Amino acid sequence: MSAQPCVPLALSEFAFEVHAGLAKEGQKTLPCRYFYDDVGTALFQTISLLPEYGLTRADERVLRAHAGEIAAWFPSPVAVLELGSGTGSKTRRILEALSTRGSVVYYPIDVSRTALQCCRSELSDVAEVVPVEASYLEGVTRAVSLRKTQERILTLFLGSTIGNFERAEMVQFLQEVRARLRPGDALLLGTDLEKSESRMTLAYDDPLGVTAAFNVNLLARINRELGGDFVIGEFAHQARYNRSERRMEMHLRSRRDQEVFIRAAEIAVRFRRGETIWTESSHKFELS
Ligand code: AVJ
């Protein structure tokens, strides 16, 4: 038998990105979209119920107050695309308002399968729900390709999820979305306004520790899915406000010098005591 050529095992996208983020020389990073496995999705839902985290409720209030007005802009039939739908709870008002004027198709686009299942079971009474399990742009491309000729598209990007992008990438991303739409379609964007530093810090470091669990779950997920050996208690949640960049940052701070091995990412990572993994940015906005 001839020897097989030595082909490296293809890493999954998750493993690849974990490797890239943790192999960095300076600040180590992990991409925030991997927060949302089943546990993370449930934890974020809990965060949105916390008195300290008002963003989701603020979104809901604004939508409830203006759903009728927004719906009035759209001649039927309408397709609603939602980027990062989550469980779709905010979207009900808009779908209801649109459905009083004709049929509505709703394409929730999310990387979380649990969240999409939730959307389908919660919203099927007000719209035809077509879940799209994909990244945002790929999801938009897919949903747009299913558009019927006369349908107008309303794209929703709510909850200040755009704040997770680098500022330079935000504009680029919106241009990419626009390039997939056509004249007469629309985008409704929800962003969080800057507040006092103490209020924002509490929103990302709540006294119950739900946000801490949400952050640390990323390491637990790496352990579960990639064969990592993070000792969960050896990393602490940290929320900081970066004033010059106007963003909340979440980090995971190593409590001591330690080494972590992640089988599927084929990496051993050394951490110095106090060193952090930067896991998320939530940029804040001004009305202007
Ligand atoms: C759902 C991404 C908008 O950035 O505020 C909540 C996620 N992170 N608490 C945000 C989150 C920490 C949230 N987004």
# chains A, B, ... in the order shown; residues from 1 in each chain; ligands from 1
>>> residues_near_ligand(ligand="ligand 1", cutoff="6 Å", atoms="only C-alpha atoms and all ligand atoms", output="ChimeraX atom specification")
/A:159-161,164,204,211,282
>>> select_by_dssp(residues="stretch 96-166 of chain A", states="strand (DSSP E or B)", output="list of chain:residue names")
A:Val104, A:Val105, A:Tyr106, A:Tyr107, A:Pro108, A:Ile109, A:Asp110, A:Glu128, A:Val129, A:Val132, A:Glu133, A:Arg152, A:Ile153, A:Leu154, A:Thr155, A:Leu156, A:Phe157
>>> residues_around(residues="stretch 127-132 of chain A", least_positions_apart="5", cutoff="9 Å", atoms="only C-alpha atoms", output="list of chain:residue names")
A:Leu95, A:Glu96, A:Ser99, A:Ser103, A:Val104, A:Val105, A:Tyr106, A:Tyr107, A:Pro108, A:Ile109, A:Asp110, A:Val111, A:Arg113, A:Leu116, A:Gln117, A:Cys119, A:Arg120, A:Ser121, A:Gly139, A:Val140, A:Arg142, A:Ala143
>>> atom_distance(atom1="atom CA of A:Val210", atom2="atom CA of A:Glu122")
24.4 Å
>>> select_by_dssp(residues="stretch 86-237 of chain A", states="alpha helix (DSSP H)", output="MDAnalysis selection string")
chainID A and resid 92:99 113:123 136:145 167:180 197:204 210:226
>>> write_last_selection(atoms="C-alpha atoms", output="mmCIF file, in the first residue's frame")
data_model
loop_
_atom_site.group_PDB
_atom_site.id
_atom_site.type_symbol
_atom_site.label_atom_id
_atom_site.label_comp_id
_atom_site.auth_asym_id
_atom_site.auth_seq_id
_atom_site.Cartn_x
_atom_site.Cartn_y
_atom_site.Cartn_z
ATOM 1 C CA ARG A 92 -43.826 40.650 16.724
ATOM 2 C CA ARG A 93 -45.157 44.237 16.760
ATOM 3 C CA ILE A 94 -43.833 45.033 13.309
ATOM 4 C CA LEU A 95 -45.085 41.758 11.830
ATOM 5 C CA GLU A 96 -48.507 42.291 13.382
ATOM 6 C CA ALA A 97 -48.755 45.809 12.013
ATOM 7 C CA LEU A 98 -47.695 44.692 8.533
ATOM 8 C CA SER A 99 -50.005 41.677 8.523
ATOM 9 C CA ARG A 113 -30.594 27.207 15.553
ATOM 10 C CA THR A 114 -32.391 27.368 18.917
ATOM 11 C CA ALA A 115 -33.145 31.039 18.383
ATOM 12 C CA LEU A 116 -34.554 30.294 14.915
ATOM 13 C CA GLN A 117 -36.767 27.502 16.239
ATOM 14 C CA CYS A 118 -38.058 29.948 18.825
ATOM 15 C CA CYS A 119 -38.846 32.491 16.062
ATOM 16 C CA ARG A 120 -40.792 29.914 14.126
ATOM 17 C CA SER A 121 -42.896 28.743 17.042
ATOM 18 C CA GLU A 122 -43.500 32.258 18.402
ATOM 19 C CA LEU A 123 -44.308 34.107 15.193
ATOM 20 C CA TYR A 136 -25.816 37.885 7.980
ATOM 21 C CA LEU A 137 -24.711 38.616 4.425
ATOM 22 C CA GLU A 138 -25.055 35.040 3.269
ATOM 23 C CA GLY A 139 -28.519 35.010 4.848
ATOM 24 C CA VAL A 140 -29.537 38.228 3.088
ATOM 25 C CA THR A 141 -28.336 36.833 -0.224
ATOM 26 C CA ARG A 142 -30.331 33.656 0.327
ATOM 27 C CA ALA A 143 -33.512 35.414 1.479
ATOM 28 C CA VAL A 144 -33.385 37.954 -1.365
ATOM 29 C CA SER A 145 -33.086 35.139 -3.893
ATOM 30 C CA ARG A 167 -16.673 51.323 13.403
ATOM 31 C CA ALA A 168 -14.977 51.130 10.014
ATOM 32 C CA GLU A 169 -16.668 47.804 9.286
ATOM 33 C CA MET A 170 -20.145 49.108 10.130
ATOM 34 C CA VAL A 171 -20.424 51.318 7.066
ATOM 35 C CA GLN A 172 -18.912 48.651 4.862
ATOM 36 C CA PHE A 173 -21.376 46.107 6.186
ATOM 37 C CA LEU A 174 -24.376 48.372 5.577
ATOM 38 C CA GLN A 175 -23.129 48.967 2.031
ATOM 39 C CA GLU A 176 -22.966 45.208 1.510
ATOM 40 C CA VAL A 177 -26.552 44.871 2.722
ATOM 41 C CA ARG A 178 -27.701 47.722 0.481
ATOM 42 C CA ALA A 179 -25.992 46.151 -2.532
ATOM 43 C CA ARG A 180 -28.272 43.121 -2.120
ATOM 44 C CA GLU A 197 -20.209 55.185 32.312
ATOM 45 C CA SER A 198 -21.553 53.769 35.601
ATOM 46 C CA ARG A 199 -24.869 52.832 34.010
ATOM 47 C CA MET A 200 -23.222 51.186 31.004
ATOM 48 C CA THR A 201 -20.784 49.306 33.207
ATOM 49 C CA LEU A 202 -23.630 47.880 35.305
ATOM 50 C CA ALA A 203 -25.414 46.804 32.136
ATOM 51 C CA TYR A 204 -22.359 44.717 31.145
ATOM 52 C CA VAL A 210 -25.533 36.646 34.296
ATOM 53 C CA THR A 211 -23.326 38.627 31.913
ATOM 54 C CA ALA A 212 -20.276 37.058 33.538
ATOM 55 C CA ALA A 213 -21.751 33.616 32.859
ATOM 56 C CA PHE A 214 -22.560 34.678 29.274
ATOM 57 C CA ASN A 215 -18.941 35.725 28.744
ATOM 58 C CA VAL A 216 -17.326 32.721 30.444
ATOM 59 C CA ASN A 217 -19.655 30.349 28.577
ATOM 60 C CA LEU A 218 -17.518 31.015 25.513
ATOM 61 C CA LEU A 219 -14.667 29.133 27.201
ATOM 62 C CA ALA A 220 -17.055 26.399 28.326
ATOM 63 C CA ARG A 221 -18.258 26.111 24.723
ATOM 64 C CA ILE A 222 -14.659 25.762 23.503
ATOM 65 C CA ASN A 223 -14.206 22.987 26.082
ATOM 66 C CA ARG A 224 -17.400 21.240 24.950
ATOM 67 C CA GLU A 225 -17.046 21.571 21.198
ATOM 68 C CA LEU A 226 -13.314 21.813 20.578
#
>>> closest_residue(among="A:Leu11, A:Leu208, A:Gly86, A:Ala20", to="A:Asp38", atoms="only C-alpha atoms")
A:Gly86
>>> residues_around(residues="A:His19", least_positions_apart="4", cutoff="9 Å", atoms="only C-alpha atoms", output="PyMOL selection string")
chain A and resi 14-15+23-24+262+265-267
>>> write_last_selection(atoms="N, CA and C atoms", output="compact mmCIF listing (two decimals), in the first residue's frame")
# COMPACT_ATOMS: atom_id res chain seq x y z
N PHE A 14 -15.07 27.43 13.47
CA PHE A 14 -14.96 27.78 14.89
C PHE A 14 -13.53 27.52 15.38
N ALA A 15 -13.03 26.33 15.12
CA ALA A 15 -11.68 25.97 15.56
C ALA A 15 -10.64 26.90 14.94
N ALA A 23 -3.77 32.77 19.09
CA ALA A 23 -2.35 32.71 18.71
C ALA A 23 -1.75 34.10 18.54
N LYS A 24 -2.57 35.14 18.65
CA LYS A 24 -2.08 36.51 18.44
C LYS A 24 -1.00 36.88 19.45
N ILE A 262 -6.18 23.23 23.42
CA ILE A 262 -7.47 23.08 22.72
C ILE A 262 -7.27 22.11 21.55
N ALA A 265 -8.48 22.85 17.89
CA ALA A 265 -7.84 24.04 17.32
C ALA A 265 -6.33 23.84 17.21
N GLU A 266 -5.87 22.68 17.63
CA GLU A 266 -4.46 22.32 17.56
C GLU A 266 -3.56 23.42 18.11
N ILE A 267 -3.88 23.84 19.34
CA ILE A 267 -3.10 24.94 19.91
C ILE A 267 -2.95 24.79 21.43
>>> residues_around(residues="A:Arg101", least_positions_apart="5", cutoff="9 Å", atoms="only C-alpha atoms", output="PDB file with N, CA, C and O atoms, in the first residue's frame")
ATOM      1  N   ALA A  71     -45.190  50.367   9.346  1.00  0.00           N
ATOM      2  CA  ALA A  71     -45.906  49.473   8.425  1.00  0.00           C
ATOM      3  C   ALA A  71     -46.587  50.269   7.313  1.00  0.00           C
ATOM      4  O   ALA A  71     -46.672  49.809   6.167  1.00  0.00           O
ATOM      5  N   ALA A  72     -47.037  51.489   7.645  1.00  0.00           N
ATOM      6  CA  ALA A  72     -47.764  52.295   6.671  1.00  0.00           C
ATOM      7  C   ALA A  72     -46.900  52.696   5.471  1.00  0.00           C
ATOM      8  O   ALA A  72     -47.409  53.063   4.419  1.00  0.00           O
ATOM      9  N   PRO A  75     -46.227  49.189   0.908  1.00  0.00           N
ATOM     10  CA  PRO A  75     -47.333  48.559   0.208  1.00  0.00           C
ATOM     11  C   PRO A  75     -47.154  47.042   0.283  1.00  0.00           C
ATOM     12  O   PRO A  75     -46.030  46.555   0.246  1.00  0.00           O
ATOM     13  N   SER A  76     -48.241  46.318   0.444  1.00  0.00           N
ATOM     14  CA  SER A  76     -48.194  44.855   0.485  1.00  0.00           C
ATOM     15  C   SER A  76     -47.897  44.326  -0.923  1.00  0.00           C
ATOM     16  O   SER A  76     -48.246  45.002  -1.895  1.00  0.00           O
ATOM     17  N   PRO A  77     -47.280  43.176  -1.102  1.00  0.00           N
ATOM     18  CA  PRO A  77     -46.751  42.263  -0.090  1.00  0.00           C
ATOM     19  C   PRO A  77     -45.356  42.662   0.375  1.00  0.00           C
ATOM     20  O   PRO A  77     -44.594  43.263  -0.360  1.00  0.00           O
TER      21      PRO A  77
END
>>> residues_around(residues="A:Gly26", least_positions_apart="4", cutoff="12 Å", atoms="only C-alpha atoms", output="PDB file with all heavy atoms, in the first residue's frame")
ATOM      1  N   GLY A  21      -7.436  33.715  16.932  1.00  0.00           N
ATOM      2  CA  GLY A  21      -7.586  34.729  17.985  1.00  0.00           C
ATOM      3  C   GLY A  21      -6.655  34.513  19.158  1.00  0.00           C
ATOM      4  O   GLY A  21      -6.160  35.475  19.758  1.00  0.00           O
ATOM      5  N   LEU A  22      -6.400  33.248  19.500  1.00  0.00           N
ATOM      6  CA  LEU A  22      -5.593  32.968  20.687  1.00  0.00           C
ATOM      7  C   LEU A  22      -4.103  32.872  20.379  1.00  0.00           C
ATOM      8  O   LEU A  22      -3.269  32.909  21.285  1.00  0.00           O
ATOM      9  CB  LEU A  22      -6.089  31.694  21.381  1.00  0.00           C
ATOM     10  CG  LEU A  22      -7.511  31.773  21.939  1.00  0.00           C
ATOM     11  CD1 LEU A  22      -7.879  30.483  22.675  1.00  0.00           C
ATOM     12  CD2 LEU A  22      -7.713  32.981  22.854  1.00  0.00           C
ATOM     13  N   PHE A 271      -1.102  31.876  29.096  1.00  0.00           N
ATOM     14  CA  PHE A 271      -1.644  33.132  29.612  1.00  0.00           C
ATOM     15  C   PHE A 271      -0.800  33.582  30.787  1.00  0.00           C
ATOM     16  O   PHE A 271      -0.463  32.776  31.662  1.00  0.00           O
ATOM     17  CB  PHE A 271      -3.083  32.935  30.107  1.00  0.00           C
ATOM     18  CG  PHE A 271      -4.068  32.611  29.013  1.00  0.00           C
ATOM     19  CD1 PHE A 271      -4.349  31.291  28.673  1.00  0.00           C
ATOM     20  CD2 PHE A 271      -4.703  33.633  28.312  1.00  0.00           C
ATOM     21  CE1 PHE A 271      -5.251  30.994  27.663  1.00  0.00           C
ATOM     22  CE2 PHE A 271      -5.613  33.335  27.296  1.00  0.00           C
ATOM     23  CZ  PHE A 271      -5.890  32.015  26.973  1.00  0.00           C
ATOM     24  N   ARG A 272      -0.474  34.870  30.795  1.00  0.00           N
ATOM     25  CA  ARG A 272       0.143  35.441  31.983  1.00  0.00           C
ATOM     26  C   ARG A 272      -0.969  35.876  32.925  1.00  0.00           C
ATOM     27  O   ARG A 272      -2.082  36.176  32.492  1.00  0.00           O
ATOM     28  CB  ARG A 272       1.027  36.645  31.604  1.00  0.00           C
ATOM     29  CG  ARG A 272       2.389  36.233  31.058  1.00  0.00           C
ATOM     30  CD  ARG A 272       3.134  37.406  30.435  1.00  0.00           C
ATOM     31  NE  ARG A 272       2.534  37.822  29.157  1.00  0.00           N
ATOM     32  CZ  ARG A 272       1.791  38.909  28.991  1.00  0.00           C
ATOM     33  NH1 ARG A 272       1.541  39.737  29.994  1.00  0.00           N
ATOM     34  NH2 ARG A 272       1.273  39.202  27.804  1.00  0.00           N
ATOM     35  N   GLU A 275      -3.523  38.806  32.139  1.00  0.00           N
ATOM     36  CA  GLU A 275      -3.707  38.950  30.686  1.00  0.00           C
ATOM     37  C   GLU A 275      -5.170  38.655  30.323  1.00  0.00           C
ATOM     38  O   GLU A 275      -5.823  37.842  30.972  1.00  0.00           O
ATOM     39  CB  GLU A 275      -2.781  37.955  29.974  1.00  0.00           C
ATOM     40  CG  GLU A 275      -2.865  38.042  28.461  1.00  0.00           C
ATOM     41  CD  GLU A 275      -1.939  37.052  27.759  1.00  0.00           C
ATOM     42  OE1 GLU A 275      -1.267  36.237  28.443  1.00  0.00           O
ATOM     43  OE2 GLU A 275      -1.913  37.101  26.518  1.00  0.00           O
ATOM     44  N   THR A 276      -5.674  39.316  29.275  1.00  0.00           N
ATOM     45  CA  THR A 276      -7.085  39.112  28.930  1.00  0.00           C
ATOM     46  C   THR A 276      -7.287  38.585  27.505  1.00  0.00           C
ATOM     47  O   THR A 276      -6.438  38.755  26.636  1.00  0.00           O
ATOM     48  CB  THR A 276      -7.913  40.412  29.056  1.00  0.00           C
ATOM     49  OG1 THR A 276      -7.560  41.306  27.983  1.00  0.00           O
ATOM     50  CG2 THR A 276      -7.697  41.087  30.400  1.00  0.00           C
ATOM     51  N   ILE A 277      -8.439  37.945  27.340  1.00  0.00           N
ATOM     52  CA  ILE A 277      -8.954  37.651  26.001  1.00  0.00           C
ATOM     53  C   ILE A 277     -10.088  38.647  25.787  1.00  0.00           C
ATOM     54  O   ILE A 277     -11.016  38.722  26.600  1.00  0.00           O
ATOM     55  CB  ILE A 277      -9.552  36.227  25.899  1.00  0.00           C
ATOM     56  CG1 ILE A 277      -8.591  35.173  26.440  1.00  0.00           C
ATOM     57  CG2 ILE A 277      -9.956  35.923  24.459  1.00  0.00           C
ATOM     58  CD1 ILE A 277      -9.240  33.781  26.566  1.00  0.00           C
ATOM     59  N   TRP A 278     -10.009  39.393  24.710  1.00  0.00           N
ATOM     60  CA  TRP A 278     -11.029  40.396  24.401  1.00  0.00           C
ATOM     61  C   TRP A 278     -12.131  39.688  23.605  1.00  0.00           C
ATOM     62  O   TRP A 278     -11.881  39.166  22.518  1.00  0.00           O
ATOM     63  CB  TRP A 278     -10.369  41.504  23.591  1.00  0.00           C
ATOM     64  CG  TRP A 278     -11.221  42.645  23.193  1.00  0.00           C
ATOM     65  CD1 TRP A 278     -12.490  42.915  23.586  1.00  0.00           C
ATOM     66  CD2 TRP A 278     -10.831  43.704  22.308  1.00  0.00           C
ATOM     67  NE1 TRP A 278     -12.926  44.091  23.013  1.00  0.00           N
ATOM     68  CE2 TRP A 278     -11.925  44.580  22.229  1.00  0.00           C
ATOM     69  CE3 TRP A 278      -9.659  43.988  21.593  1.00  0.00           C
ATOM     70  CZ2 TRP A 278     -11.895  45.727  21.430  1.00  0.00           C
ATOM     71  CZ3 TRP A 278      -9.629  45.129  20.801  1.00  0.00           C
ATOM     72  CH2 TRP A 278     -10.731  45.985  20.732  1.00  0.00           C
TER      73      TRP A 278
END
